[in-house]
Each structure stands twice: as structure tokens, then as C-alpha cells.
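Colleague: For reference, the file work23.cif (mmCIF, C-alpha atoms and all ligand atoms) is included below:
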data_entry
#
loop_
_atom_site.label_atom_id
_atom_site.label_comp_id
_atom_site.auth_asym_id
_atom_site.auth_seq_id
_atom_site.Cartn_x
_atom_site.Cartn_y
_atom_site.Cartn_z
CA ILE V 200 31.16 -5.84 22.40
CA ASN V 201 30.63 -7.49 25.75
CA ALA V 202 27.19 -5.87 26.09
CA VAL V 203 26.08 -6.98 22.62
CA LEU V 204 27.42 -10.51 23.05
CA ARG V 205 25.66 -10.97 26.40
CA ALA V 206 22.40 -9.60 24.97
CA SER V 207 22.78 -12.01 22.05
CA LYS V 208 23.15 -14.86 24.54
CA VAL V 209 19.91 -13.80 26.24
CA CYS V 210 18.06 -13.82 22.91
CA GLN V 211 19.43 -17.26 22.05
CA LYS V 212 18.27 -18.59 25.44
CA VAL V 213 14.78 -17.21 24.87
CA PHE V 214 14.59 -18.83 21.47
CA GLN V 215 15.74 -22.20 22.79
CA ASN V 216 13.37 -22.17 25.77
CA LEU V 217 10.30 -20.34 24.62
CA VAL V 218 9.89 -20.30 20.88
CA THR V 219 8.14 -23.44 19.73
CA SER V 220 6.58 -24.12 16.35
CA ASP V 221 3.34 -23.50 18.20
CA THR V 222 4.24 -19.89 19.09
CA VAL V 223 5.22 -19.24 15.50
CA ILE V 224 2.05 -20.71 14.01
CA LYS V 225 -0.18 -18.84 16.47
CA LYS V 226 1.80 -15.64 15.74
CA ASP V 227 2.37 -15.39 19.50
CA ARG V 228 4.85 -12.57 20.01
CA SER V 229 5.42 -13.18 23.73
CA PRO V 230 8.88 -14.78 23.37
CA VAL V 231 10.18 -11.83 21.42
CA THR V 232 8.73 -9.47 24.03
CA VAL V 233 10.69 -11.22 26.77
CA ALA V 234 13.83 -11.11 24.62
CA ASP V 235 13.38 -7.41 23.69
CA PHE V 236 13.17 -6.28 27.32
CA SER V 237 15.90 -8.62 28.52
CA ALA V 238 18.36 -7.60 25.83
CA GLN V 239 17.75 -3.90 26.46
CA ALA V 240 18.23 -4.38 30.23
CA VAL V 241 21.51 -6.25 29.69
CA VAL V 242 23.01 -3.70 27.29
CA ASN V 243 21.86 -0.69 29.33
CA LYS V 244 23.26 -2.18 32.55
CA ILE V 245 26.66 -2.95 31.04
CA LEU V 246 26.83 0.49 29.39
CA TYR V 247 25.95 2.11 32.71
CA GLU V 248 28.80 0.34 34.49
CA SER V 249 31.36 1.88 32.12
CA PHE V 250 29.67 5.13 31.08
CA PRO V 251 27.24 6.17 33.86
CA ASN V 252 26.71 9.62 32.38
CA ASP V 253 25.92 8.61 28.80
CA PRO V 254 22.25 8.81 27.78
CA ILE V 255 20.69 5.99 25.74
CA VAL V 256 18.08 6.08 22.98
CA GLY V 257 16.66 2.57 23.27
CA GLU V 258 13.63 1.14 21.51
CA GLU V 259 11.83 -0.34 24.53
CA GLU V 260 10.30 1.14 27.70
CA SER V 261 9.21 -0.66 30.83
CA GLY V 262 5.46 0.19 30.89
CA SER V 263 4.14 -3.33 30.33
CA LEU V 264 6.50 -4.79 32.99
CA ARG V 265 5.10 -2.61 35.79
CA GLY V 266 2.50 -3.30 38.44
CA ASP V 267 0.48 -6.46 38.99
CA SER V 268 -0.41 -6.85 35.33
CA GLY V 269 3.29 -6.85 34.42
CA LYS V 270 4.43 -9.20 37.16
CA GLU V 271 4.60 -12.43 35.16
CA LEU V 272 6.54 -10.86 32.30
CA ARG V 273 8.76 -8.93 34.75
CA ASN V 274 9.71 -12.11 36.59
CA LYS V 275 10.58 -13.90 33.34
CA VAL V 276 12.74 -10.98 32.21
CA LEU V 277 14.41 -10.61 35.59
CA SER V 278 15.45 -14.23 35.89
CA LEU V 279 16.77 -14.27 32.33
CA VAL V 280 18.74 -11.04 32.68
CA ASN V 281 20.33 -12.26 35.90
CA THR V 282 21.68 -15.37 34.17
CA VAL V 283 24.09 -13.21 32.14
CA LEU V 284 24.87 -10.24 34.42
CA ASP V 285 27.78 -10.27 36.88
CA THR V 286 25.79 -8.37 39.54
CA PRO V 287 22.09 -9.31 39.63
CA LEU V 288 19.34 -6.69 39.40
CA ASN V 289 16.24 -6.49 41.59
CA ASP V 290 12.73 -5.57 40.35
CA ASN V 291 13.13 -1.83 40.61
CA GLU V 292 16.63 -1.79 39.18
CA LEU V 293 15.37 -3.77 36.20
CA LEU V 294 12.69 -1.21 35.39
CA GLU V 295 15.08 1.71 35.92
CA THR V 296 17.71 0.06 33.76
CA ILE V 297 15.31 -0.50 30.87
CA ASP V 298 14.07 3.09 31.11
CA ARG V 299 17.56 4.49 30.89
CA GLY V 300 16.81 4.08 27.18
CA SER V 301 14.22 6.87 27.13
CA PHE V 302 16.55 9.67 26.01
CA PRO V 303 14.96 11.83 23.30
CA GLY V 304 18.15 12.13 21.22
CA GLY V 305 19.31 15.37 19.60
CA SER V 306 22.28 17.15 18.09
CA SER V 307 24.70 17.65 20.96
CA GLY V 308 26.86 15.48 23.17
CA ARG V 309 27.36 11.73 23.48
CA MET V 310 24.52 9.21 23.31
CA TRP V 311 24.09 5.54 22.58
CA THR V 312 21.30 4.10 20.49
CA LEU V 313 20.11 0.53 20.91
CA ASP V 314 17.81 -1.88 19.11
CA PRO V 315 17.73 -4.83 21.53
CA ILE V 316 16.24 -7.08 18.84
CA ASP V 317 15.93 -5.85 15.31
CA GLY V 318 14.05 -8.19 13.00
CA THR V 319 11.48 -9.67 15.36
CA MET V 320 9.85 -11.60 12.52
CA GLY V 321 13.21 -13.20 11.72
CA PHE V 322 13.77 -14.02 15.39
CA LEU V 323 10.45 -15.87 15.65
CA ARG V 324 11.10 -17.79 12.42
CA GLY V 325 14.58 -18.80 13.56
CA ASP V 326 16.02 -16.64 10.76
CA GLN V 327 18.04 -13.45 10.90
CA TYR V 328 17.83 -10.87 13.67
CA CYS V 329 20.32 -8.45 15.15
CA ILE V 330 21.26 -6.64 18.35
CA GLY V 331 22.41 -3.22 17.20
CA LEU V 332 24.28 -0.65 19.30
CA ALA V 333 25.86 2.63 18.20
CA LEU V 334 27.60 5.59 19.81
CA ILE V 335 26.57 9.00 18.42
CA ILE V 336 28.57 12.14 19.24
CA ASP V 337 27.15 15.53 18.23
CA GLY V 338 24.82 13.84 15.75
CA ASP V 339 27.58 11.81 14.11
CA VAL V 340 27.88 8.01 14.47
CA HIS V 341 31.34 7.11 15.86
CA LEU V 342 30.96 3.43 16.70
CA GLY V 343 28.69 0.55 15.77
CA VAL V 344 28.45 -3.02 17.06
CA LEU V 345 26.03 -5.51 15.52
CA GLY V 346 25.47 -8.98 16.95
CA CYS V 347 23.87 -11.42 14.51
CA PRO V 348 23.29 -14.72 16.36
CA ASN V 349 21.96 -16.63 13.34
CA LEU V 350 24.09 -15.14 10.59
CA PRO V 351 26.47 -17.73 9.13
CA VAL V 352 30.09 -16.74 9.64
CA ASP V 353 30.40 -17.32 5.90
CA LEU V 354 27.18 -17.00 3.88
CA LYS V 355 28.63 -19.31 1.22
CA VAL V 356 28.59 -22.05 3.87
CA PRO V 357 24.99 -21.66 5.12
CA GLU V 358 25.11 -24.86 7.16
CA GLY V 359 28.40 -23.85 8.79
CA GLU V 360 29.00 -21.98 12.03
CA ARG V 361 26.51 -19.24 12.95
CA GLY V 362 26.90 -16.17 15.14
CA SER V 363 28.70 -13.17 13.60
CA LEU V 364 29.71 -9.94 15.32
CA PHE V 365 30.45 -6.75 13.39
CA ILE V 366 32.36 -3.73 14.69
CA ALA V 367 33.01 -0.37 13.05
CA VAL V 368 34.87 2.59 14.51
CA LYS V 369 35.02 5.94 12.74
CA GLY V 370 38.28 6.21 10.83
CA GLN V 371 39.42 2.71 11.83
CA GLY V 372 37.56 0.40 9.44
CA ALA V 373 34.98 -2.37 9.72
CA PHE V 374 35.61 -5.80 11.22
CA GLN V 375 33.89 -9.13 11.73
CA HIS V 376 34.49 -11.91 14.17
CA LYS V 377 32.69 -15.09 15.11
CA PHE V 378 30.80 -15.25 18.39
CA SER V 379 33.13 -18.13 19.25
CA SER V 380 36.41 -16.21 18.90
CA THR V 381 37.87 -12.72 19.34
CA GLU V 382 40.02 -12.86 16.23
CA GLU V 383 38.91 -10.01 13.96
CA THR V 384 39.04 -9.84 10.19
CA GLN V 385 38.67 -6.58 8.33
CA ILE V 386 35.74 -6.52 5.91
CA CYS V 387 34.86 -4.40 2.90
CA LEU V 388 32.17 -4.22 0.24
CA ALA V 389 32.70 -6.37 -2.85
CA ASP V 390 34.54 -4.38 -5.51
CA ILE V 391 32.09 -3.77 -8.33
CA SER V 392 32.17 -1.35 -11.22
CA SER V 393 28.77 -1.92 -12.86
CA PRO V 394 25.31 -2.54 -11.42
CA LEU V 395 24.77 -5.22 -14.11
CA ALA V 396 26.73 -7.71 -12.04
CA ALA V 397 25.25 -6.61 -8.73
CA SER V 398 22.97 -8.43 -6.35
CA PHE V 399 20.69 -6.56 -3.97
CA CYS V 400 19.13 -7.26 -0.62
CA GLU V 401 15.88 -6.12 0.92
CA SER V 402 13.48 -6.84 3.79
CA VAL V 403 11.56 -10.11 3.93
CA VAL V 404 8.55 -8.10 5.10
CA ALA V 405 7.08 -6.23 2.12
CA GLU V 406 5.34 -3.73 4.43
CA HIS V 407 8.81 -2.47 5.47
CA SER V 408 10.24 -2.01 1.97
CA SER V 409 8.45 -2.15 -1.37
CA HIS V 410 9.40 -5.34 -3.21
CA SER V 411 7.64 -4.18 -6.39
CA ASP V 412 9.59 -0.89 -6.58
CA ALA V 413 12.82 -2.79 -5.92
CA ALA V 414 12.04 -5.16 -8.80
CA LYS V 415 11.52 -2.19 -11.16
CA ILE V 416 14.78 -0.57 -10.02
CA ALA V 417 16.65 -3.85 -10.46
CA SER V 418 15.26 -4.21 -13.95
CA LEU V 419 16.27 -0.63 -14.88
CA LEU V 420 19.80 -1.37 -13.66
CA GLY V 421 19.92 -4.64 -15.61
CA ILE V 422 20.22 -6.73 -12.45
CA THR V 423 19.31 -10.35 -13.11
CA LYS V 424 20.18 -12.02 -9.80
CA PRO V 425 17.22 -12.65 -7.45
CA PRO V 426 17.12 -10.45 -4.32
CA LEU V 427 18.66 -11.66 -1.08
CA ARG V 428 15.78 -11.26 1.39
CA MET V 429 16.75 -11.01 5.01
CA ASP V 430 15.23 -9.54 8.17
CA SER V 431 16.95 -6.92 10.31
CA MET V 432 20.19 -4.94 10.19
CA CYS V 433 21.92 -8.17 9.13
CA LYS V 434 21.38 -6.71 5.62
CA TYR V 435 23.94 -4.01 6.42
CA CYS V 436 26.36 -6.71 7.56
CA ALA V 437 25.75 -8.78 4.42
CA VAL V 438 26.54 -5.82 2.14
CA ALA V 439 29.48 -4.65 4.28
CA ARG V 440 31.24 -8.02 3.86
CA GLY V 441 30.33 -8.50 0.19
CA ASP V 442 27.49 -11.07 0.36
CA ALA V 443 25.35 -8.61 -1.67
CA ASP V 444 26.13 -5.29 -3.34
CA ILE V 445 23.11 -3.06 -2.82
CA TYR V 446 20.63 -2.61 0.05
CA LEU V 447 17.34 -0.98 -0.88
CA ARG V 448 14.80 0.12 1.73
CA LEU V 449 12.00 1.74 -0.26
CA PRO V 450 9.21 3.53 1.59
CA VAL V 451 5.83 1.85 1.46
CA SER V 452 4.00 4.60 3.32
CA MET V 453 5.17 8.21 3.06
CA ASP V 454 4.47 8.96 6.73
CA TYR V 455 6.74 6.27 8.33
CA GLU V 456 9.79 7.78 10.05
CA GLU V 457 12.77 5.43 10.30
CA LYS V 458 14.12 5.06 13.86
CA ILE V 459 17.75 5.93 14.62
CA TRP V 460 18.37 2.57 16.37
CA ASP V 461 17.41 0.73 13.17
CA HIS V 462 20.21 2.37 11.14
CA ALA V 463 22.99 4.02 13.20
CA ALA V 464 25.18 0.94 13.67
CA GLY V 465 24.58 -0.19 10.07
CA CYS V 466 25.40 3.28 8.76
CA ILE V 467 28.91 3.40 10.22
CA LEU V 468 29.55 -0.24 9.29
CA ILE V 469 28.80 0.54 5.64
CA LYS V 470 30.92 3.72 5.61
CA GLU V 471 33.89 2.03 7.26
CA ALA V 472 33.61 -0.89 4.83
CA GLY V 473 33.91 1.52 1.89
CA GLY V 474 30.27 1.95 0.93
CA ILE V 475 27.94 4.88 0.51
CA ILE V 476 24.71 5.16 2.51
CA SER V 477 22.03 7.74 1.78
CA ASP V 478 18.27 8.02 1.67
CA ILE V 479 16.31 7.64 -1.59
CA ASN V 480 16.93 11.35 -2.38
CA ASN V 481 20.70 10.90 -1.95
CA LYS V 482 20.67 12.83 1.33
CA PRO V 483 22.97 11.65 4.14
CA LEU V 484 21.16 10.14 7.13
CA ASP V 485 20.68 12.77 9.85
CA PHE V 486 20.95 11.23 13.32
CA SER V 487 20.76 14.61 15.10
CA LEU V 488 16.99 15.21 14.99
CA GLY V 489 15.74 13.05 17.86
CA ARG V 490 14.63 9.42 18.00
CA THR V 491 13.75 9.23 14.30
CA LEU V 492 15.37 10.08 10.96
CA LYS V 493 12.62 12.59 10.28
CA SER V 494 14.41 14.36 7.44
CA ASN V 495 15.13 11.14 5.49
CA LYS V 496 13.03 8.74 3.43
CA GLY V 497 14.13 5.16 2.78
CA ILE V 498 17.71 3.89 2.53
CA VAL V 499 20.04 3.21 -0.40
CA VAL V 500 23.37 1.48 0.22
CA ALA V 501 25.93 0.61 -2.47
CA HIS V 502 29.60 0.68 -3.40
CA SER V 503 30.77 4.21 -4.21
CA LYS V 504 31.36 3.22 -7.86
CA ILE V 505 27.67 2.40 -8.43
CA HIS V 506 25.75 4.34 -5.75
CA GLY V 507 25.03 7.25 -8.15
CA GLN V 508 23.56 4.93 -10.78
CA VAL V 509 21.42 3.19 -8.17
CA ILE V 510 20.08 6.56 -6.96
CA ASP V 511 19.23 7.56 -10.56
CA ALA V 512 17.20 4.36 -10.98
CA VAL V 513 15.50 4.80 -7.59
CA GLN V 514 14.53 8.35 -8.52
CA GLN V 515 13.10 7.28 -11.88
CA VAL V 516 10.91 4.61 -10.29
CA ILE V 517 9.77 6.67 -7.29
CA LEU V 518 9.08 9.86 -9.31
CA LYS V 519 6.98 7.95 -11.83
CA LYS V 520 4.53 6.94 -9.10
N1 LIG K 601 6.37 0.92 7.60
C1 LIG K 601 7.62 0.62 7.87
N2 LIG K 601 8.59 0.95 7.01
C2 LIG K 601 9.87 0.65 7.28
N3 LIG K 601 10.29 0.00 8.40
C3 LIG K 601 9.37 -0.36 9.31
C4 LIG K 601 7.98 -0.07 9.08
N4 LIG K 601 7.28 -0.54 10.14
C5 LIG K 601 8.18 -1.09 10.99
N5 LIG K 601 9.44 -1.00 10.50
C6 LIG K 601 10.71 -1.42 11.13
O1 LIG K 601 11.45 -2.26 10.28
C7 LIG K 601 12.40 -2.96 11.09
C8 LIG K 601 12.58 -4.35 10.54
O2 LIG K 601 13.04 -4.20 9.25
P1 LIG K 601 13.27 -5.42 8.27
O3 LIG K 601 11.95 -5.73 7.65
O4 LIG K 601 14.25 -4.87 7.29
O5 LIG K 601 13.78 -6.54 9.09
C9 LIG K 601 11.85 -2.96 12.50
O6 LIG K 601 12.71 -2.22 13.33
C10 LIG K 601 10.52 -2.28 12.35
O7 LIG K 601 10.23 -1.45 13.41
P2 LIG K 601 9.34 -1.95 14.65
O8 LIG K 601 10.30 -2.53 15.63
O9 LIG K 601 8.73 -0.72 15.16
O10 LIG K 601 8.37 -2.96 14.11
MG MG K 602 14.34 -2.50 14.66
MG MG K 603 13.56 -3.94 17.90
MG MG K 604 10.06 -3.10 17.37
#
Using the file provided, produce a representation of the structure as C-alpha cells.
Ligand SMILES: Nc1ncnc2c1ncn2[C@@H]1O[C@H](COP(=O)(O)O)[C@@H](O)[C@H]1OP(=O)(O)O
Ligand SMILES: [Mg+2]
Ligand SMILES: [Mg+2]
Ligand SMILES: [Mg+2]
Modeller:
Amino acid sequence: INAVLRASKVCQKVFQNLVTSDTVIKKDRSPVTVADFSAQAVVNKILYESFPNDPIVGEEESGSLRGDSGKELRNKVLSLVNTVLDTPLNDNELLETIDRGSFPGGSSGRMWTLDPIDGTMGFLRGDQYCIGLALIIDGDVHLGVLGCPNLPVDLKVPEGERGSLFIAVKGQGAFQHKFSSTEETQICLADISSPLAASFCESVVAEHSSHSDAAKIASLLGITKPPLRMDSMCKYCAVARGDADIYLRLPVSMDYEEKIWDHAAGCILIKEAGGIISDINNKPLDFSLGRTLKSNKGIVVAHSKIHGQVIDAVQQVILKK
């Protein structure tokens, strides 16, 4: 929790200092690059202090921070990281710390998986993004922490306080608290018995999840509410606390392999909040095969009472293609 909150703070600082309307209009990704590396360094360093022997499957690697060509970026990252760490890092320690995330994954032992910023498009727009961390033991997710700096504490009060943290521990339930307090409330999916009344959420970016297939599935299920479009793993958080009932991630290209850091923390959050998570073929997500979910395609999340009906509709639409 400490690691995710400090990484969230780093991302917020980057946004305040570096992201201007100019960077967004020019589609300049440099602020998010600084934030990606800084957040991964912060989480990896804090994990190392408590669990020096645990390997980490992290999204980023230090290549573009090395040498003369990486000096400017490296210096930006280093000074940012050292504003939130208790013991400062030097150049070499920074690179080593980031590259502690290079573990290839697999089916045995303990490992962490980290997405230092999920939802880069949302980050740059000032919308939703997430720092996602999960502990996997023998291929099974045991713990997930998701930091959502821009997610309203209550989605029904969109102008209210932002900054929501989500925690799930296997067998212990799912919880939310505000960034500004440590008081936890238990969360669960909205109770729903028919897809007719459901609302669904999906990616903002249509290249990540087919909006047209989702519209057909919604129509088959009789869903009339418009989709809640949101970047990042915040979609898992929204469904887990009942802001929406279904999360559809429908493959656009058949060769894309989902990454484990994009789903591990969300997966346990959904299960502990009483939901079902599978791929589009109703197969459980398999986190034991390396850095990607190579045996799965897409994601379907829903309350256990309607997940089967959602899968039937997904199958009808996908098979027809
Ligand atoms: N073709 C794709 N299909 C599904 N997800 C993708 C695809 N390309 C990239 N992504 C990943 O989708 C995530 C964002 O999802 P969302 O749109 O729901 O916010 C990112 O982690 C991004 O990975 P990457 O970091 O490699 O760009
Ligand atoms: Mg991601
Ligand atoms: Mg990322
Ligand atoms: Mg990325």
C-alpha cells in the first residue's frame, strides 16, 4: 500500500509539473515516460526493502535511461524518485532498481507484477489511470493493490474528492479507501439478477477493445444504458464497487497477448468483491505462463448471477464474425 501510494504521488507530481495542454495536443508522451520509470523505481525499491528475494514482473526496463543519450531522462527520473523515497538512490541504483522488474514470470514460487502506470492515454488527458501491483504465488494471484489517483472516491459525486485505493487479499475480501485516509470500507459488486438492468464498461481506446462488438453484445442482452468508458484498470475498480456491472475487453486483433500486469490486481479485486472474471471463452485467466496471458483472449467480468448470460452473448457475437 505504501509502495503504490508513493508511486501515485510521483505520477501526480509529474502531471502537475510536466503535462501541459501543449504536451497533450502535440501527443508528446515524454511526461508519461518520466512517470512510468519513476513509479516503477519507487515500487521496486520499496518492495526490495521488505522482500529482497521476491522477483518482479514489471512493465518497464531501463534501456532508454542508460548512457549519454539517456542522461536527461535519467536525471529527471532520479530527482523525482528521490523526492518520495526515504533513502535516496544514485544513478546506478536507479537503473538496477528499475530492472529488478525483468523477471520472466512462470508457474512456481512468489513473484510480484507491476504496471507503474496503466492507462497512459488517461494520464495524459487528466482522466483515469492506475498503478497496479499484485502478488502471485505458484501462478495464483494472492494480493492486489490498485492506486487510482483521479478516480472519484464516489463516482456519483464526480466533482468530489479524488484518489481511491483498492486492496484485495485472497480469502479476505475487497476494500477501498481514500488516498487521504486509512479507513477501509469493504466493497462488492452491485447485486443484479438480470443483464437487462446492467451497465457495462469498456476502454476509451477502441484499438484496445472493440466498441462495435460490445454494442452488439449489449443489444443482445437488452442493455440500454450507454457504456461507461474509462482508461486503465480503474474499470476493475468501478465494477468491483458497483459503479458498473460488466467489464468487456473484446480482442481487436487476434495476435495481441494481454500482459499479466494489466490484469492480475484487477482479477483478485473482482473475485474478492464477489464477481466472476474469465476470458471471452469462459476460461479462467492463467497467470502462470510468463509475462503474458498467452492462453487467454479478451476479458469478461460480471456478477456471478449474470456472467453465464454475458458469455453466451459474447460467444454469439464473436463466433458470427
Ligand atoms: N491491441 C491491444 N489490445 C488490448 N490491450 C492493449 C492493446 N494494445 C495495448 N494494450 C494495453 O491496454 C492497456 C490500456 O487499456 P485501456 O484501453 O483499457 O486503458 C495498456 O496496458 C496497453 O498496453 P501498453 O502499455 O503496452 O500500451
Ligand atoms: Mg497497462
Ligand atoms: Mg503501463
Ligand atoms: Mg505501456
Colleague: Give me, as a tab-separated table, the closest atom pair and its distance (Å, one decimal) for every residue of chain V within a cut-off of 10 Å of ligand MG 603 (chain K), counting all atoms listed in the file, rows sorted by chain and rising number.
Modeller:
residue	atom	partner	partner_atom	distance
V:Val231	CA	K:MG603	MG	9.3
V:Thr232	CA	K:MG603	MG	9.6
V:Ala234	CA	K:MG603	MG	9.8
V:Asp235	CA	K:MG603	MG	6.8
V:Phe236	CA	K:MG603	MG	9.7
V:Ala238	CA	K:MG603	MG	10.0
V:Gln239	CA	K:MG603	MG	9.5
V:Gly257	CA	K:MG603	MG	9.0
V:Glu258	CA	K:MG603	MG	6.2
V:Glu259	CA	K:MG603	MG	7.7
V:Leu313	CA	K:MG603	MG	8.5
V:Asp314	CA	K:MG603	MG	4.9
V:Pro315	CA	K:MG603	MG	5.6
V:Ile316	CA	K:MG603	MG	4.2
V:Asp317	CA	K:MG603	MG	4.0
V:Gly318	CA	K:MG603	MG	6.5
V:Thr319	CA	K:MG603	MG	6.6
V:Tyr328	CA	K:MG603	MG	9.2
V:Cys329	CA	K:MG603	MG	8.6
V:Ile330	CA	K:MG603	MG	8.2
V:Gly331	CA	K:MG603	MG	8.9
V:Ser431	CA	K:MG603	MG	8.8
V:Lys458	CA	K:MG603	MG	9.9
V:Trp460	CA	K:MG603	MG	8.2
V:Asp461	CA	K:MG603	MG	7.7
Colleague: So which residues are near ligand LIG 601 (chain K), meaning at most 7 Å away with only C-alpha atoms and all ligand atoms counted, given back as a ChimeraX atom specification?
Modeller: /V:317-318,401-404,406-408,429-432,450-452,455,457,461
Colleague: Using all atoms listed in the file, can you tell me which of V:Cys210, V:Ala367, V:Cys466, V:Val233 comes closest to V:Asp478?
Modeller: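 Going through V:Cys210, V:Ala367, V:Cys466, V:Val233 one by one, the smallest distance to V:Asp478 is for V:Cys466.
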Colleague: Determine the nearest neighbour of V:Gly338 from the options V:Arg309, V:Lys496, V:Arg428, V:His506, counting all atoms listed in the file.
Modeller: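 Using all atoms listed in the file, the shortest distance to V:Gly338 belongs to V:Arg309.
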Colleague: Atom CA of V:Glu248 and atom CA of V:Gln211 are how many Å apart?
Modeller: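 Computing the Euclidean distance for atom CA of V:Glu248 and atom CA of V:Gln211 yields 23.5 Å.
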Colleague: With distances taken over all atoms listed in the file, which of V:Trp311, V:Phe374, V:Phe322, V:Tyr446 is nearest to ligand MG 604 (chain K)?
Modeller: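 Smallest separation from ligand MG 604 (chain K) among the options: V:Phe322.
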